[in-house]
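Right, one structure below, let's go through it.
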Amino acid sequence: MNIEQIYKDADALLEGHFKLSSGNHSRFYLQSAKVLEDPKTAKLLAEELAKQIKASGLKVDAVCSPALGGLIAGFALATALDVRFIFAERVDGEMTIRRGFEVQEKENYIICEDIITTGGSALEAAKQVENAGGNIVAYAALANRGFCSREGSDIKAKPNCKLPFDKPLFALEDFTFEMYSPEDCPMCKEGSVAYKPGSRGN
């Protein structure tokens with residue numbers, strides 16, 4: 001399965017001058033919401049991701065995603081794995097599990113995002129599951145931005161990867177785009193103005 005082509009076909013692999021959530025700039029941006037707006041594509045990608053997880057032999061009882069970006073990917077993965085789905089959301093800046101969701105003692109959870117960058121939001125959701133008595137067995141995403149090491153990839157985790165090294169990360173593809181600090185950004189030096197897409201900007 002050519003994940004990069006699927007993103008391109010959905011106009012979800014954007015090229016331009018982007019300001020990322022980290023504050024860095026890049027010529028490329030992944031907009032997974034554009035891929036996931038087609039239910040058939042979402043189902044196809046989730047089933048491919050579920051194959052990796054099933055092949056690992058991990059026992060999974062439920063999937064939890066951080067809102068908002070991970071909701072569709074997480075629900076689709078839970079459907080493909082035939083397990084429960086819950087989500088965590090920010091309340092006054094703190095990741096929280098609410099809306100009547102209950103984490104059962106010693107339940108095995110996968111934390112699923114649409115895209116894993118450094119894994120910060122995924123880790124926050126994981127801590128909420130663990131605080132409620134659940135057990136995190138793995139992390140998952142449709143796309144890995146190359147900061148963390150995923151199963152089946154030769155990419156080594158970078159220092160700013162926040163995910164624990166003792167839990168596997170399952171993802172369909174690595175997208176390793178060069179990033180620049182605003183001071184060193186070649187597009188800025190050419191007079192271009194960075195645009196901030198995505199859930200935190202547009």
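Residue numbers start at 1 in each chain; chains themselves are named A, B, ... in the order of the structure tokens; ligands are numbered from 1 in the order shown.
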Do a neighbour search on region 176-189 of chain A at 8 Å with only C-alpha atoms, toss out local chain neighbours closer than 4 positions, and write the hits as a PyMOL selection string.
chain A and resi 17+23-28+145-146+193-194
Would you mind exporting the chosen residues as a compact mmCIF listing (two decimals), in the first residue's frame, restricted to N, CA and C atoms?
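Saved result, out-v4.txt, follows:
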# COMPACT_ATOMS: atom_id res chain seq x y z
N HIS A 17 4.68 26.79 2.48
CA HIS A 17 5.51 27.34 3.55
C HIS A 17 4.66 27.33 4.82
N GLY A 23 6.44 25.52 16.19
CA GLY A 23 7.01 26.83 15.90
C GLY A 23 8.00 26.79 14.74
N ASN A 24 8.47 25.58 14.38
CA ASN A 24 9.38 25.44 13.25
C ASN A 24 8.62 25.59 11.93
N HIS A 25 9.38 25.77 10.86
CA HIS A 25 8.80 25.92 9.53
C HIS A 25 9.16 24.72 8.66
N SER A 26 8.31 24.42 7.67
CA SER A 26 8.55 23.31 6.76
C SER A 26 7.92 23.59 5.41
N ARG A 27 8.47 22.94 4.36
CA ARG A 27 7.88 23.05 3.03
C ARG A 27 6.68 22.11 2.86
N PHE A 28 6.53 21.18 3.78
CA PHE A 28 5.49 20.16 3.65
C PHE A 28 4.64 20.07 4.91
N ARG A 145 5.96 11.02 11.80
CA ARG A 145 6.76 12.12 11.26
C ARG A 145 8.27 11.91 11.39
N GLY A 146 8.67 10.74 11.91
CA GLY A 146 10.09 10.41 11.91
C GLY A 146 10.86 10.81 13.14
N VAL A 193 5.83 34.21 3.67
CA VAL A 193 5.26 34.23 5.01
C VAL A 193 4.69 32.86 5.34
N ALA A 194 5.06 32.30 6.50
CA ALA A 194 4.61 30.95 6.91
C ALA A 194 3.13 30.97 7.23
Can you pull out every residue within 8 Å of Val63 (chain A), counting only C-alpha atoms, but drop anything in the same chain fewer than 6 positions away, and send it as a list in words?
Gly74, Phe75, Leu77, Ala78, Val83, Arg84, Phe85, Ile86, Tyr109, Ile110, Ile111 and Cys112 of chain A
Could you save the residues just selected, with C-alpha atoms, as a CSV table (one decimal), in the first residue's frame?
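And here's selection29.csv as it stands now:
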chain,number,residue,atom,x,y,z
A,74,GLY,CA,-8.7,5.8,16.6
A,75,PHE,CA,-12.4,4.9,16.0
A,77,LEU,CA,-8.7,1.3,14.3
A,78,ALA,CA,-11.0,0.1,17.1
A,83,VAL,CA,-12.6,-3.5,20.5
A,84,ARG,CA,-13.9,-0.5,22.5
A,85,PHE,CA,-13.0,3.1,21.7
A,86,ILE,CA,-12.7,6.0,24.1
A,109,TYR,CA,-5.0,0.0,25.6
A,110,ILE,CA,-3.5,1.2,22.3
A,111,ILE,CA,-3.2,5.0,22.1
A,112,CYS,CA,-4.0,6.0,18.5
What lies within 9 Å of Ser121 (chain A) using only C-alpha atoms, ignoring chain neighbours under 5 positions off, as a PyMOL selection string?
chain A and resi 66-67+95+113+116+126
Got a sec: who's within 10 Å of Val137 (chain A), counting only C-alpha atoms, leaving out chain neighbours fewer than 4 positions off, as a PDB file with N, CA and C atoms, in the first residue's frame?
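That gives us result24.pdb:
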ATOM      1  N   LEU A  58      -0.128  -8.846  20.296  1.00  0.00           N
ATOM      2  CA  LEU A  58      -0.531  -8.085  21.481  1.00  0.00           C
ATOM      3  C   LEU A  58      -2.012  -8.292  21.782  1.00  0.00           C
ATOM      4  N   LYS A  59      -2.330  -8.408  23.062  1.00  0.00           N
ATOM      5  CA  LYS A  59      -3.730  -8.471  23.489  1.00  0.00           C
ATOM      6  C   LYS A  59      -4.214  -7.036  23.684  1.00  0.00           C
ATOM      7  N   VAL A  60      -5.260  -6.674  22.969  1.00  0.00           N
ATOM      8  CA  VAL A  60      -5.789  -5.312  23.017  1.00  0.00           C
ATOM      9  C   VAL A  60      -7.261  -5.360  23.412  1.00  0.00           C
ATOM     10  N   ASP A  61      -7.611  -4.578  24.433  1.00  0.00           N
ATOM     11  CA  ASP A  61      -9.007  -4.505  24.877  1.00  0.00           C
ATOM     12  C   ASP A  61      -9.711  -3.246  24.407  1.00  0.00           C
ATOM     13  N   GLU A 107      -7.082  -3.229  31.900  1.00  0.00           N
ATOM     14  CA  GLU A 107      -7.424  -3.303  30.475  1.00  0.00           C
ATOM     15  C   GLU A 107      -6.212  -2.892  29.643  1.00  0.00           C
ATOM     16  N   ASN A 108      -6.022  -3.555  28.509  1.00  0.00           N
ATOM     17  CA  ASN A 108      -4.904  -3.248  27.619  1.00  0.00           C
ATOM     18  C   ASN A 108      -5.334  -2.257  26.536  1.00  0.00           C
ATOM     19  N   TYR A 109      -4.661  -1.124  26.478  1.00  0.00           N
ATOM     20  CA  TYR A 109      -5.008  -0.039  25.557  1.00  0.00           C
ATOM     21  C   TYR A 109      -3.916   0.229  24.536  1.00  0.00           C
ATOM     22  N   ILE A 110      -4.363   0.584  23.324  1.00  0.00           N
ATOM     23  CA  ILE A 110      -3.494   1.210  22.327  1.00  0.00           C
ATOM     24  C   ILE A 110      -3.901   2.673  22.242  1.00  0.00           C
ATOM     25  N   ILE A 111      -2.927   3.559  22.269  1.00  0.00           N
ATOM     26  CA  ILE A 111      -3.180   4.985  22.081  1.00  0.00           C
ATOM     27  C   ILE A 111      -2.978   5.292  20.603  1.00  0.00           C
ATOM     28  N   ALA A 126      -2.160   8.665  27.320  1.00  0.00           N
ATOM     29  CA  ALA A 126      -1.724   7.405  27.932  1.00  0.00           C
ATOM     30  C   ALA A 126      -1.668   7.515  29.451  1.00  0.00           C
ATOM     31  N   ASP A 166       9.966   1.446  25.584  1.00  0.00           N
ATOM     32  CA  ASP A 166       9.615   0.055  25.869  1.00  0.00           C
ATOM     33  C   ASP A 166       8.237  -0.344  25.339  1.00  0.00           C
ATOM     34  N   LYS A 167       7.572   0.571  24.609  1.00  0.00           N
ATOM     35  CA  LYS A 167       6.265   0.264  24.010  1.00  0.00           C
ATOM     36  C   LYS A 167       6.363   0.469  22.501  1.00  0.00           C
ATOM     37  N   PRO A 168       5.867  -0.471  21.710  1.00  0.00           N
ATOM     38  CA  PRO A 168       5.981  -0.333  20.258  1.00  0.00           C
ATOM     39  C   PRO A 168       5.099   0.778  19.692  1.00  0.00           C
ATOM     40  N   LEU A 169       5.556   1.368  18.601  1.00  0.00           N
ATOM     41  CA  LEU A 169       4.764   2.313  17.819  1.00  0.00           C
ATOM     42  C   LEU A 169       4.474   1.676  16.468  1.00  0.00           C
TER      43      LEU A 169
END
Taking the chain letters and numbering used in this document, name the residues of region 49-100 of chain A that DSSP puts in strand (DSSP E or B), as a PyMOL selection string.
chain A and resi 62-66+84-91+94-96
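Between CA of Ala10 (chain A) and CA of Ala73 (chain A) the interatomic distance comes to 15.5 Å.
Between CA of Tyr195 (chain A) and CA of Gly69 (chain A) there is a distance of 18.9 Å.
The residue set within 12 Å of Asp38 (chain A), counting only C-alpha atoms and dropping same-chain residues fewer than 2 places from it, reads Ile6, Tyr7, Asp9, Ala10, Ala12, Ser32, Ala33, Lys34, Val35, Leu36, Lys40, Thr41, Ala42, Lys43, Leu44, Leu45, Ile72, Ala73 and Ala76 of chain A.
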Rounded to one decimal place, report the CA of Thr79 (chain A)-CA of Ala46 (chain A) distance in Å.
8.2 Å
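Each of A:Cys64, A:Asn160, A:Ser149, A:Gly100 was checked against Gln128 (chain A) using only C-alpha atoms; the smallest atom-to-atom distance is that of A:Cys64.
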Among chain A, which ones does DSSP assign to alpha helix (DSSP H) (computed from the backbone)? Answer as a PyMOL selection string.
chain A and resi 3-9+32-36+39-56+71-81+120-131+186-189
Got a sec: who's within 12 Å of Gly93 (chain A), counting only C-alpha atoms, leaving out chain neighbours fewer than 4 positions off, as an mmCIF file with N, CA, C and O atoms, in the first residue's frame?
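Final output, saved to out.cif:
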data_model
loop_
_atom_site.group_PDB
_atom_site.id
_atom_site.type_symbol
_atom_site.label_atom_id
_atom_site.label_comp_id
_atom_site.auth_asym_id
_atom_site.auth_seq_id
_atom_site.Cartn_x
_atom_site.Cartn_y
_atom_site.Cartn_z
ATOM 1 N N ALA A 88 -9.671 10.950 24.962
ATOM 2 C CA ALA A 88 -9.307 11.949 25.959
ATOM 3 C C ALA A 88 -9.354 13.312 25.294
ATOM 4 O O ALA A 88 -9.131 13.439 24.090
ATOM 5 N N GLU A 89 -9.666 14.337 26.071
ATOM 6 C CA GLU A 89 -9.773 15.684 25.517
ATOM 7 C C GLU A 89 -9.216 16.694 26.513
ATOM 8 O O GLU A 89 -9.131 16.421 27.714
ATOM 9 N N SER A 121 0.937 14.545 22.786
ATOM 10 C CA SER A 121 -0.485 14.390 23.094
ATOM 11 C C SER A 121 -0.833 12.926 23.385
ATOM 12 O O SER A 121 -1.633 12.636 24.279
ATOM 13 N N GLU A 124 0.205 12.135 26.893
ATOM 14 C CA GLU A 124 -0.726 12.706 27.869
ATOM 15 C C GLU A 124 -1.975 11.838 28.008
ATOM 16 O O GLU A 124 -2.456 11.603 29.124
#
Would you mind listing what lies within 10 Å of Glu173 (chain A) as a compact mmCIF listing (two decimals) with N, CA and C atoms, in the first residue's frame, with only C-alpha atoms counted and same-chain residues fewer than 3 positions away left out?
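What follows is the written file around12.txt:
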# COMPACT_ATOMS: atom_id res chain seq x y z
N MET A 1 0.85 -1.19 0.00
CA MET A 1 0.00 0.00 0.00
C MET A 1 0.89 1.25 0.00
N ASN A 2 0.65 2.14 -0.96
CA ASN A 2 1.45 3.36 -1.08
C ASN A 2 0.77 4.48 -0.29
N ILE A 3 1.19 4.64 0.96
CA ILE A 3 0.55 5.61 1.85
C ILE A 3 0.78 7.03 1.36
N GLU A 4 1.99 7.31 0.90
CA GLU A 4 2.29 8.66 0.41
C GLU A 4 1.38 9.04 -0.74
N ALA A 141 -0.43 5.08 14.82
CA ALA A 141 -0.78 6.26 14.02
C ALA A 141 -0.81 5.86 12.55
N LEU A 142 -1.53 6.63 11.77
CA LEU A 142 -1.49 6.39 10.32
C LEU A 142 -0.12 6.79 9.78
N ALA A 143 0.38 7.93 10.25
CA ALA A 143 1.65 8.46 9.75
C ALA A 143 2.58 8.79 10.90
N ASN A 144 3.86 8.53 10.70
CA ASN A 144 4.89 8.84 11.69
C ASN A 144 5.81 9.90 11.09
N ARG A 145 5.96 11.02 11.80
CA ARG A 145 6.76 12.12 11.26
C ARG A 145 8.27 11.91 11.39
N GLY A 146 8.67 10.74 11.91
CA GLY A 146 10.09 10.41 11.91
C GLY A 146 10.86 10.81 13.14
N ARG A 150 9.35 3.54 14.72
CA ARG A 150 8.18 2.67 14.62
C ARG A 150 8.59 1.24 14.28
N GLY A 152 9.16 -1.95 12.28
CA GLY A 152 9.39 -2.21 10.86
C GLY A 152 10.14 -1.12 10.12
N SER A 153 10.59 -0.09 10.83
CA SER A 153 11.32 1.01 10.19
C SER A 153 12.74 1.08 10.76
N PHE A 170 3.20 1.53 16.15
CA PHE A 170 2.79 1.00 14.86
C PHE A 170 2.31 2.16 13.99
N THR A 176 9.45 12.07 6.69
CA THR A 176 10.56 12.82 7.32
C THR A 176 10.84 14.08 6.50
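Comparing A:Gln52, A:Leu172, A:Ile115, A:Glu190 by their smallest distance to Gln31 (chain A), the closest is A:Ile115 (using only C-alpha atoms).
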